[in-house]
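Source file: final-v3.txt. Holds: compact mmCIF, N, CA and C atoms.
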# COMPACT_ATOMS: atom_id res chain seq x y z
N MET A 166 0.83 -1.19 0.00
CA MET A 166 0.00 0.00 0.00
C MET A 166 0.87 1.25 0.00
N ALA A 167 1.92 1.24 0.82
CA ALA A 167 2.79 2.42 0.88
C ALA A 167 3.46 2.66 -0.46
N GLU A 168 3.90 1.61 -1.12
CA GLU A 168 4.54 1.78 -2.43
C GLU A 168 3.61 2.51 -3.39
N ALA A 169 2.37 2.07 -3.45
CA ALA A 169 1.42 2.66 -4.38
C ALA A 169 1.17 4.14 -4.07
N TYR A 170 0.99 4.45 -2.81
CA TYR A 170 0.75 5.85 -2.45
C TYR A 170 1.98 6.71 -2.63
N LEU A 171 3.16 6.18 -2.31
CA LEU A 171 4.38 6.96 -2.51
C LEU A 171 4.61 7.23 -3.99
N ARG A 172 4.32 6.26 -4.84
CA ARG A 172 4.42 6.49 -6.28
C ARG A 172 3.44 7.56 -6.72
N LEU A 173 2.23 7.47 -6.23
CA LEU A 173 1.19 8.44 -6.59
C LEU A 173 1.59 9.86 -6.17
N PHE A 174 2.01 10.02 -4.94
CA PHE A 174 2.27 11.35 -4.41
C PHE A 174 3.63 11.92 -4.82
N SER A 175 4.56 11.08 -5.23
CA SER A 175 5.87 11.61 -5.65
C SER A 175 5.94 11.86 -7.14
N GLY A 176 5.00 11.33 -7.91
CA GLY A 176 5.01 11.51 -9.36
C GLY A 176 6.31 11.01 -9.96
N ASP A 177 6.94 11.84 -10.78
CA ASP A 177 8.19 11.46 -11.43
C ASP A 177 9.42 11.87 -10.61
N GLU A 178 9.22 12.35 -9.41
CA GLU A 178 10.32 12.87 -8.61
C GLU A 178 11.15 11.79 -7.92
N ALA A 179 10.66 10.55 -7.87
CA ALA A 179 11.38 9.50 -7.15
C ALA A 179 11.10 8.14 -7.78
N GLU A 180 12.07 7.26 -7.65
CA GLU A 180 11.86 5.85 -7.98
C GLU A 180 11.52 5.17 -6.66
N VAL A 181 10.39 4.51 -6.62
CA VAL A 181 9.91 3.90 -5.39
C VAL A 181 9.94 2.38 -5.56
N TYR A 182 10.54 1.71 -4.60
CA TYR A 182 10.59 0.25 -4.57
C TYR A 182 10.02 -0.21 -3.25
N SER A 183 9.50 -1.42 -3.25
CA SER A 183 8.96 -1.98 -2.03
C SER A 183 9.53 -3.38 -1.84
N ALA A 184 9.99 -3.64 -0.65
CA ALA A 184 10.54 -4.96 -0.35
C ALA A 184 10.40 -5.22 1.14
N GLY A 185 10.42 -6.48 1.47
CA GLY A 185 10.33 -6.86 2.86
C GLY A 185 11.46 -7.80 3.25
N ILE A 186 11.45 -8.18 4.48
CA ILE A 186 12.42 -9.15 4.98
C ILE A 186 12.10 -10.52 4.39
N GLU A 187 10.82 -10.80 4.23
CA GLU A 187 10.34 -12.05 3.63
C GLU A 187 9.27 -11.70 2.59
N ALA A 188 9.15 -12.54 1.57
CA ALA A 188 8.09 -12.36 0.57
C ALA A 188 6.91 -13.26 0.96
N HIS A 189 5.73 -12.65 1.05
CA HIS A 189 4.55 -13.40 1.43
C HIS A 189 3.47 -13.40 0.35
N GLY A 190 3.70 -12.74 -0.74
CA GLY A 190 2.67 -12.62 -1.77
C GLY A 190 1.74 -11.47 -1.44
N LEU A 191 0.95 -11.10 -2.43
CA LEU A 191 -0.01 -10.01 -2.22
C LEU A 191 -1.19 -10.49 -1.39
N ASN A 192 -1.60 -9.68 -0.46
CA ASN A 192 -2.76 -10.01 0.34
C ASN A 192 -4.00 -9.57 -0.44
N PRO A 193 -4.90 -10.50 -0.73
CA PRO A 193 -6.10 -10.14 -1.50
C PRO A 193 -6.94 -9.05 -0.85
N ARG A 194 -6.92 -8.97 0.46
CA ARG A 194 -7.66 -7.91 1.14
C ARG A 194 -7.01 -6.55 0.87
N ALA A 195 -5.69 -6.51 0.84
CA ALA A 195 -4.99 -5.25 0.52
C ALA A 195 -5.32 -4.82 -0.91
N VAL A 196 -5.34 -5.77 -1.82
CA VAL A 196 -5.68 -5.46 -3.21
C VAL A 196 -7.09 -4.88 -3.27
N ALA A 197 -8.03 -5.51 -2.57
CA ALA A 197 -9.43 -5.05 -2.58
C ALA A 197 -9.57 -3.67 -1.95
N ILE A 198 -8.90 -3.44 -0.85
CA ILE A 198 -9.03 -2.19 -0.13
C ILE A 198 -8.42 -1.03 -0.92
N MET A 199 -7.34 -1.31 -1.64
CA MET A 199 -6.74 -0.28 -2.48
C MET A 199 -7.62 0.00 -3.69
N ARG A 200 -8.24 -1.02 -4.23
CA ARG A 200 -9.16 -0.85 -5.35
C ARG A 200 -10.31 0.08 -4.95
N GLU A 201 -10.76 -0.03 -3.69
CA GLU A 201 -11.81 0.88 -3.19
C GLU A 201 -11.38 2.34 -3.30
N ASP A 202 -10.08 2.59 -3.23
CA ASP A 202 -9.55 3.96 -3.31
C ASP A 202 -9.07 4.28 -4.72
N GLY A 203 -9.42 3.43 -5.68
CA GLY A 203 -9.10 3.70 -7.08
C GLY A 203 -7.68 3.36 -7.49
N ILE A 204 -6.99 2.54 -6.72
CA ILE A 204 -5.61 2.17 -7.03
C ILE A 204 -5.52 0.66 -7.20
N ASP A 205 -4.97 0.25 -8.34
CA ASP A 205 -4.83 -1.18 -8.65
C ASP A 205 -3.41 -1.63 -8.30
N ILE A 206 -3.29 -2.47 -7.28
CA ILE A 206 -1.98 -3.02 -6.92
C ILE A 206 -1.91 -4.51 -7.26
N SER A 207 -2.86 -4.99 -8.04
CA SER A 207 -2.92 -6.43 -8.33
C SER A 207 -1.71 -6.94 -9.10
N THR A 208 -0.99 -6.05 -9.78
CA THR A 208 0.19 -6.48 -10.52
C THR A 208 1.48 -6.29 -9.72
N HIS A 209 1.38 -5.72 -8.52
CA HIS A 209 2.57 -5.58 -7.67
C HIS A 209 3.01 -6.97 -7.23
N LYS A 210 4.25 -7.07 -6.78
CA LYS A 210 4.71 -8.36 -6.30
C LYS A 210 5.36 -8.20 -4.94
N SER A 211 5.40 -9.28 -4.23
CA SER A 211 6.03 -9.31 -2.92
C SER A 211 7.51 -9.61 -3.15
N SER A 212 8.36 -8.66 -2.81
CA SER A 212 9.80 -8.79 -3.04
C SER A 212 10.55 -8.79 -1.71
N THR A 213 11.78 -9.28 -1.77
CA THR A 213 12.66 -9.19 -0.61
C THR A 213 13.76 -8.18 -0.91
N VAL A 214 14.38 -7.65 0.13
CA VAL A 214 15.41 -6.65 -0.06
C VAL A 214 16.59 -7.19 -0.86
N GLU A 215 16.83 -8.48 -0.80
CA GLU A 215 17.95 -9.08 -1.55
C GLU A 215 17.79 -8.89 -3.06
N GLU A 216 16.56 -8.73 -3.53
CA GLU A 216 16.32 -8.54 -4.95
C GLU A 216 16.82 -7.19 -5.45
N TYR A 217 17.13 -6.29 -4.54
CA TYR A 217 17.57 -4.95 -4.90
C TYR A 217 18.99 -4.65 -4.43
N ASP A 218 19.81 -5.67 -4.34
CA ASP A 218 21.19 -5.53 -3.86
C ASP A 218 22.01 -4.54 -4.68
N ASP A 219 21.69 -4.36 -5.95
CA ASP A 219 22.51 -3.52 -6.82
C ASP A 219 22.13 -2.04 -6.80
N ILE A 220 21.14 -1.67 -6.00
CA ILE A 220 20.70 -0.28 -5.95
C ILE A 220 21.36 0.43 -4.78
N GLU A 221 21.89 1.62 -5.04
CA GLU A 221 22.42 2.45 -3.97
C GLU A 221 21.31 3.39 -3.52
N TRP A 222 20.85 3.19 -2.32
CA TRP A 222 19.68 3.88 -1.81
C TRP A 222 20.01 5.27 -1.30
N ASP A 223 19.14 6.20 -1.59
CA ASP A 223 19.23 7.55 -1.03
C ASP A 223 18.42 7.65 0.25
N LEU A 224 17.35 6.87 0.31
CA LEU A 224 16.41 6.96 1.41
C LEU A 224 15.78 5.59 1.63
N ILE A 225 15.74 5.16 2.87
CA ILE A 225 15.11 3.89 3.24
C ILE A 225 13.98 4.20 4.20
N LEU A 226 12.79 3.75 3.87
CA LEU A 226 11.62 3.92 4.73
C LEU A 226 11.18 2.55 5.21
N THR A 227 11.13 2.36 6.50
CA THR A 227 10.57 1.13 7.05
C THR A 227 9.23 1.47 7.67
N VAL A 228 8.27 0.55 7.51
CA VAL A 228 6.91 0.84 7.95
C VAL A 228 6.40 -0.17 8.98
N CYS A 229 7.29 -0.99 9.49
CA CYS A 229 6.92 -1.86 10.61
C CYS A 229 8.16 -2.08 11.46
N ASP A 230 7.94 -2.34 12.74
CA ASP A 230 9.07 -2.50 13.66
C ASP A 230 9.94 -3.69 13.29
N ASN A 231 9.35 -4.78 12.81
CA ASN A 231 10.13 -5.95 12.43
C ASN A 231 11.11 -5.60 11.32
N ALA A 232 10.68 -4.83 10.35
CA ALA A 232 11.58 -4.43 9.25
C ALA A 232 12.70 -3.54 9.77
N ARG A 233 12.36 -2.61 10.61
CA ARG A 233 13.39 -1.70 11.15
C ARG A 233 14.44 -2.48 11.93
N GLU A 234 14.00 -3.44 12.70
CA GLU A 234 14.92 -4.21 13.55
C GLU A 234 15.74 -5.22 12.76
N ASN A 235 15.22 -5.70 11.64
CA ASN A 235 15.87 -6.79 10.92
C ASN A 235 16.35 -6.44 9.53
N CYS A 236 16.17 -5.21 9.11
CA CYS A 236 16.57 -4.81 7.76
C CYS A 236 18.09 -4.87 7.66
N PRO A 237 18.60 -5.53 6.62
CA PRO A 237 20.05 -5.59 6.46
C PRO A 237 20.60 -4.23 6.04
N VAL A 238 21.89 -4.07 6.17
CA VAL A 238 22.54 -2.86 5.69
C VAL A 238 22.49 -2.90 4.18
N LEU A 239 22.03 -1.83 3.58
CA LEU A 239 21.86 -1.78 2.13
C LEU A 239 22.92 -0.88 1.52
N PRO A 240 23.35 -1.17 0.27
CA PRO A 240 24.38 -0.35 -0.37
C PRO A 240 23.93 1.10 -0.50
N GLY A 241 24.85 2.01 -0.22
CA GLY A 241 24.54 3.43 -0.38
C GLY A 241 23.41 3.88 0.50
N GLN A 242 23.21 3.17 1.60
CA GLN A 242 22.07 3.48 2.46
C GLN A 242 22.14 4.92 2.91
N GLY A 243 21.19 5.67 2.46
CA GLY A 243 21.12 7.08 2.83
C GLY A 243 20.32 7.25 4.10
N LYS A 244 19.55 8.27 4.13
CA LYS A 244 18.74 8.59 5.30
C LYS A 244 17.74 7.47 5.57
N ALA A 245 17.63 7.09 6.83
CA ALA A 245 16.65 6.07 7.23
C ALA A 245 15.50 6.76 7.96
N VAL A 246 14.30 6.43 7.56
CA VAL A 246 13.09 6.97 8.18
C VAL A 246 12.22 5.78 8.57
N HIS A 247 11.66 5.85 9.76
CA HIS A 247 10.80 4.77 10.22
C HIS A 247 9.46 5.32 10.68
N HIS A 248 8.41 4.63 10.28
CA HIS A 248 7.07 4.90 10.78
C HIS A 248 6.35 3.57 10.88
N SER A 249 5.94 3.21 12.06
CA SER A 249 5.31 1.90 12.26
C SER A 249 3.81 1.98 12.08
N PHE A 250 3.30 1.08 11.26
CA PHE A 250 1.87 0.89 11.09
C PHE A 250 1.49 -0.48 11.62
N SER A 251 0.28 -0.61 12.10
CA SER A 251 -0.22 -1.92 12.48
C SER A 251 -0.29 -2.79 11.24
N ASP A 252 -0.08 -4.08 11.40
CA ASP A 252 -0.18 -5.01 10.27
C ASP A 252 -1.63 -5.47 10.15
N PRO A 253 -2.35 -4.99 9.14
CA PRO A 253 -3.76 -5.38 9.03
C PRO A 253 -3.94 -6.87 8.75
N ALA A 254 -2.92 -7.52 8.24
CA ALA A 254 -3.02 -8.96 7.98
C ALA A 254 -3.15 -9.75 9.27
N LYS A 255 -2.83 -9.14 10.39
CA LYS A 255 -2.95 -9.81 11.69
C LYS A 255 -4.28 -9.52 12.36
N ALA A 256 -5.16 -8.78 11.69
CA ALA A 256 -6.47 -8.44 12.27
C ALA A 256 -7.31 -9.70 12.43
N SER A 257 -8.17 -9.67 13.43
CA SER A 257 -9.08 -10.79 13.65
C SER A 257 -10.50 -10.26 13.79
N GLY A 258 -11.44 -11.16 13.77
CA GLY A 258 -12.84 -10.80 13.87
C GLY A 258 -13.59 -11.25 12.63
N SER A 259 -14.74 -10.66 12.43
CA SER A 259 -15.53 -10.99 11.25
C SER A 259 -14.83 -10.42 10.02
N GLU A 260 -15.26 -10.86 8.86
CA GLU A 260 -14.66 -10.35 7.62
C GLU A 260 -14.81 -8.84 7.52
N GLU A 261 -15.95 -8.32 7.90
CA GLU A 261 -16.16 -6.87 7.84
C GLU A 261 -15.25 -6.15 8.84
N GLU A 262 -15.04 -6.71 10.01
CA GLU A 262 -14.13 -6.10 10.99
C GLU A 262 -12.69 -6.10 10.47
N ILE A 263 -12.30 -7.19 9.85
CA ILE A 263 -10.96 -7.28 9.28
C ILE A 263 -10.80 -6.26 8.16
N MET A 264 -11.80 -6.16 7.29
CA MET A 264 -11.72 -5.20 6.19
C MET A 264 -11.70 -3.77 6.72
N GLU A 265 -12.41 -3.51 7.79
CA GLU A 265 -12.39 -2.17 8.38
C GLU A 265 -10.99 -1.86 8.92
N THR A 266 -10.33 -2.85 9.49
CA THR A 266 -8.94 -2.65 9.93
C THR A 266 -8.06 -2.32 8.74
N PHE A 267 -8.22 -3.04 7.64
CA PHE A 267 -7.45 -2.74 6.43
C PHE A 267 -7.72 -1.31 5.96
N ARG A 268 -8.97 -0.88 5.99
CA ARG A 268 -9.31 0.49 5.58
C ARG A 268 -8.63 1.52 6.48
N GLN A 269 -8.67 1.29 7.78
CA GLN A 269 -8.05 2.22 8.71
C GLN A 269 -6.55 2.33 8.46
N VAL A 270 -5.89 1.19 8.31
CA VAL A 270 -4.45 1.21 8.06
C VAL A 270 -4.16 1.82 6.70
N ARG A 271 -4.96 1.50 5.69
CA ARG A 271 -4.79 2.11 4.37
C ARG A 271 -4.85 3.63 4.47
N ASP A 272 -5.84 4.14 5.18
CA ASP A 272 -6.00 5.58 5.31
C ASP A 272 -4.83 6.22 6.06
N GLN A 273 -4.31 5.52 7.07
CA GLN A 273 -3.14 6.02 7.79
C GLN A 273 -1.92 6.06 6.86
N ILE A 274 -1.75 5.00 6.09
CA ILE A 274 -0.62 4.94 5.15
C ILE A 274 -0.76 6.02 4.09
N LYS A 275 -1.96 6.24 3.60
CA LYS A 275 -2.18 7.27 2.58
C LYS A 275 -1.81 8.64 3.12
N SER A 276 -2.28 8.97 4.30
CA SER A 276 -1.98 10.27 4.90
C SER A 276 -0.48 10.43 5.14
N PHE A 277 0.14 9.41 5.71
CA PHE A 277 1.57 9.46 5.95
C PHE A 277 2.35 9.61 4.64
N SER A 278 1.96 8.85 3.62
CA SER A 278 2.67 8.86 2.34
C SER A 278 2.58 10.22 1.67
N ARG A 279 1.45 10.87 1.77
CA ARG A 279 1.30 12.22 1.20
C ARG A 279 2.28 13.18 1.87
N LYS A 280 2.33 13.16 3.20
CA LYS A 280 3.24 14.03 3.94
C LYS A 280 4.70 13.66 3.67
N PHE A 281 4.98 12.36 3.62
CA PHE A 281 6.35 11.89 3.37
C PHE A 281 6.83 12.36 2.01
N ALA A 282 5.99 12.21 0.99
CA ALA A 282 6.38 12.63 -0.36
C ALA A 282 6.64 14.12 -0.41
N LEU A 283 5.83 14.91 0.24
CA LEU A 283 6.05 16.36 0.26
C LEU A 283 7.35 16.74 0.96
N THR A 284 7.69 15.97 1.98
CA THR A 284 8.89 16.26 2.77
C THR A 284 10.17 15.77 2.10
N TYR A 285 10.13 14.54 1.55
CA TYR A 285 11.35 13.90 1.09
C TYR A 285 11.46 13.68 -0.42
N LEU A 286 10.35 13.65 -1.13
CA LEU A 286 10.41 13.18 -2.52
C LEU A 286 10.08 14.23 -3.57
N THR A 287 9.64 15.38 -3.18
CA THR A 287 9.31 16.38 -4.19
C THR A 287 10.10 17.66 -3.99
Here is the file; what I need is its structure written in the form of structure tokens.
Amino acid sequence: MAEAYLRLFSGDEAEVYSAGIEAHGLNPRAVAIMREDGIDISTHKSSTVEEYDDIEWDLILTVCDNARENCPVLPGQGKAVHHSFSDPAKASGSEEEIMETFRQVRDQIKSFSRKFALTYLT
């Protein structure tokens, strides 16, 4: 979700990549919740940081505590920024309650990404 919003809000001002410590595949609920906001992430893929070993980073953004604590040192690692969001994939309850959690986290990520892009990417 953050990748999609950062791409949207930064326009052509930045190259945005998304990767995690582990690849888990796209969460269908995340795809659905982003579609509700008019953004199609169905073609995105779940990548690991090792897939981007050849990139010298200017800026690293981590969006969960696990990533911040376990992210390897990356080549050319520039400024590191961290903002922790709840993992909506860990939500429990009815399907509607889970989807509402995804919506809440999506909206938090969208707001943060807009501010982040204005501060760091444009």
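Rounded to one decimal, atom CA of A:Ile263 and atom CA of A:Ser276 lie 20.2 Å from each other.
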(message) Can you pull out the residues contacting stretch 195-212 of chain A? Cut-off 6.5 Å, using all atoms listed in the file, and skip same-chain residues under 3 positions away; I want them as a PyMOL selection string.
(response) chain A and resi 183-192+215-216+267-268
I need the residues from that last selection saved to file as a tab-separated table (two decimals), in the coordinates of the input (with N, CA and C atoms), if you can.
chain	number	residue	atom	x	y	z
A	183	SER	N	9.50	-1.42	-3.25
A	183	SER	CA	8.96	-1.98	-2.03
A	183	SER	C	9.53	-3.38	-1.84
A	184	ALA	N	9.99	-3.64	-0.65
A	184	ALA	CA	10.54	-4.96	-0.35
A	184	ALA	C	10.40	-5.22	1.14
A	185	GLY	N	10.42	-6.48	1.47
A	185	GLY	CA	10.33	-6.86	2.86
A	185	GLY	C	11.46	-7.80	3.25
A	186	ILE	N	11.45	-8.18	4.48
A	186	ILE	CA	12.42	-9.15	4.98
A	186	ILE	C	12.10	-10.52	4.39
A	187	GLU	N	10.82	-10.80	4.23
A	187	GLU	CA	10.34	-12.05	3.63
A	187	GLU	C	9.27	-11.70	2.59
A	188	ALA	N	9.15	-12.54	1.57
A	188	ALA	CA	8.09	-12.36	0.57
A	188	ALA	C	6.91	-13.26	0.96
A	189	HIS	N	5.73	-12.65	1.05
A	189	HIS	CA	4.55	-13.40	1.43
A	189	HIS	C	3.47	-13.40	0.35
A	190	GLY	N	3.70	-12.74	-0.74
A	190	GLY	CA	2.67	-12.62	-1.77
A	190	GLY	C	1.74	-11.47	-1.44
A	191	LEU	N	0.95	-11.10	-2.43
A	191	LEU	CA	-0.01	-10.01	-2.22
A	191	LEU	C	-1.19	-10.49	-1.39
A	192	ASN	N	-1.60	-9.68	-0.46
A	192	ASN	CA	-2.76	-10.01	0.34
A	192	ASN	C	-4.00	-9.57	-0.44
A	215	GLU	N	16.83	-8.48	-0.80
A	215	GLU	CA	17.95	-9.08	-1.55
A	215	GLU	C	17.79	-8.89	-3.06
A	216	GLU	N	16.56	-8.73	-3.53
A	216	GLU	CA	16.32	-8.54	-4.95
A	216	GLU	C	16.82	-7.19	-5.45
A	267	PHE	N	-8.22	-3.04	7.64
A	267	PHE	CA	-7.45	-2.74	6.43
A	267	PHE	C	-7.72	-1.31	5.96
A	268	ARG	N	-8.97	-0.88	5.99
A	268	ARG	CA	-9.31	0.49	5.58
A	268	ARG	C	-8.63	1.52	6.48
Given 3 Å of margin on each side, can you work out the centre and size in Å (one decimal) of an axis-aligned box holding every listed atom of stretch 256-274 of chain A, as lines of an AutoDock Vina configuration file?
center_x = -8.4
center_y = -2.5
center_z = 9.0
size_x = 21.5
size_y = 23.5
size_z = 15.8
(request) Report the residues of chain A whose backbone DSSP state falls under strand (DSSP E or B), written as JSON, numbers by chain. (result) {"A": [185, 213, 224, 225, 226, 227, 244, 245, 246, 247]}
For the residues in the current selection, export N, CA and C atoms as a PDB file, in the frame of the given file.
ATOM      1  N   GLY A 185      10.420  -6.480   1.470  1.00  0.00           N
ATOM      2  CA  GLY A 185      10.330  -6.860   2.860  1.00  0.00           C
ATOM      3  C   GLY A 185      11.460  -7.800   3.250  1.00  0.00           C
ATOM      4  N   THR A 213      11.780  -9.280  -1.770  1.00  0.00           N
ATOM      5  CA  THR A 213      12.660  -9.190  -0.610  1.00  0.00           C
ATOM      6  C   THR A 213      13.760  -8.180  -0.910  1.00  0.00           C
ATOM      7  N   LEU A 224      17.350   6.870   0.310  1.00  0.00           N
ATOM      8  CA  LEU A 224      16.410   6.960   1.410  1.00  0.00           C
ATOM      9  C   LEU A 224      15.780   5.590   1.630  1.00  0.00           C
ATOM     10  N   ILE A 225      15.740   5.160   2.870  1.00  0.00           N
ATOM     11  CA  ILE A 225      15.110   3.890   3.240  1.00  0.00           C
ATOM     12  C   ILE A 225      13.980   4.200   4.200  1.00  0.00           C
ATOM     13  N   LEU A 226      12.790   3.750   3.870  1.00  0.00           N
ATOM     14  CA  LEU A 226      11.620   3.920   4.730  1.00  0.00           C
ATOM     15  C   LEU A 226      11.180   2.550   5.210  1.00  0.00           C
ATOM     16  N   THR A 227      11.130   2.360   6.500  1.00  0.00           N
ATOM     17  CA  THR A 227      10.570   1.130   7.050  1.00  0.00           C
ATOM     18  C   THR A 227       9.230   1.470   7.670  1.00  0.00           C
ATOM     19  N   LYS A 244      19.550   8.270   4.130  1.00  0.00           N
ATOM     20  CA  LYS A 244      18.740   8.590   5.300  1.00  0.00           C
ATOM     21  C   LYS A 244      17.740   7.470   5.570  1.00  0.00           C
ATOM     22  N   ALA A 245      17.630   7.090   6.830  1.00  0.00           N
ATOM     23  CA  ALA A 245      16.650   6.070   7.230  1.00  0.00           C
ATOM     24  C   ALA A 245      15.500   6.760   7.960  1.00  0.00           C
ATOM     25  N   VAL A 246      14.300   6.430   7.560  1.00  0.00           N
ATOM     26  CA  VAL A 246      13.090   6.970   8.180  1.00  0.00           C
ATOM     27  C   VAL A 246      12.220   5.780   8.570  1.00  0.00           C
ATOM     28  N   HIS A 247      11.660   5.850   9.760  1.00  0.00           N
ATOM     29  CA  HIS A 247      10.800   4.770  10.220  1.00  0.00           C
ATOM     30  C   HIS A 247       9.460   5.320  10.680  1.00  0.00           C
TER      31      HIS A 247
END
(request) Could you check which of A:Gly258, A:Pro193, A:Gly243, A:Gly176 is closest to A:Thr287, using only N, CA and C atoms? (result) A:Gly176
(message) Between atom C of A:Tyr285 and atom CA of A:Cys229, what distance in Å does the model show, to one decimal?
(response) 19.6 Å
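In this model, the gap between atom C of A:Ser251 and atom N of A:Arg271 comes to 8.4 Å.
When only C-alpha atoms are used to measure the gap to A:Leu286, the shortest distance among A:Thr227, A:Gln273, A:Ser257, A:Ser175 belongs to A:Ser175.
Of the listed residues (A:Lys275, A:Leu171, A:Ala245, A:Thr213), A:Ala245 comes nearest to A:Ile225; the distances count only N, CA and C atoms.
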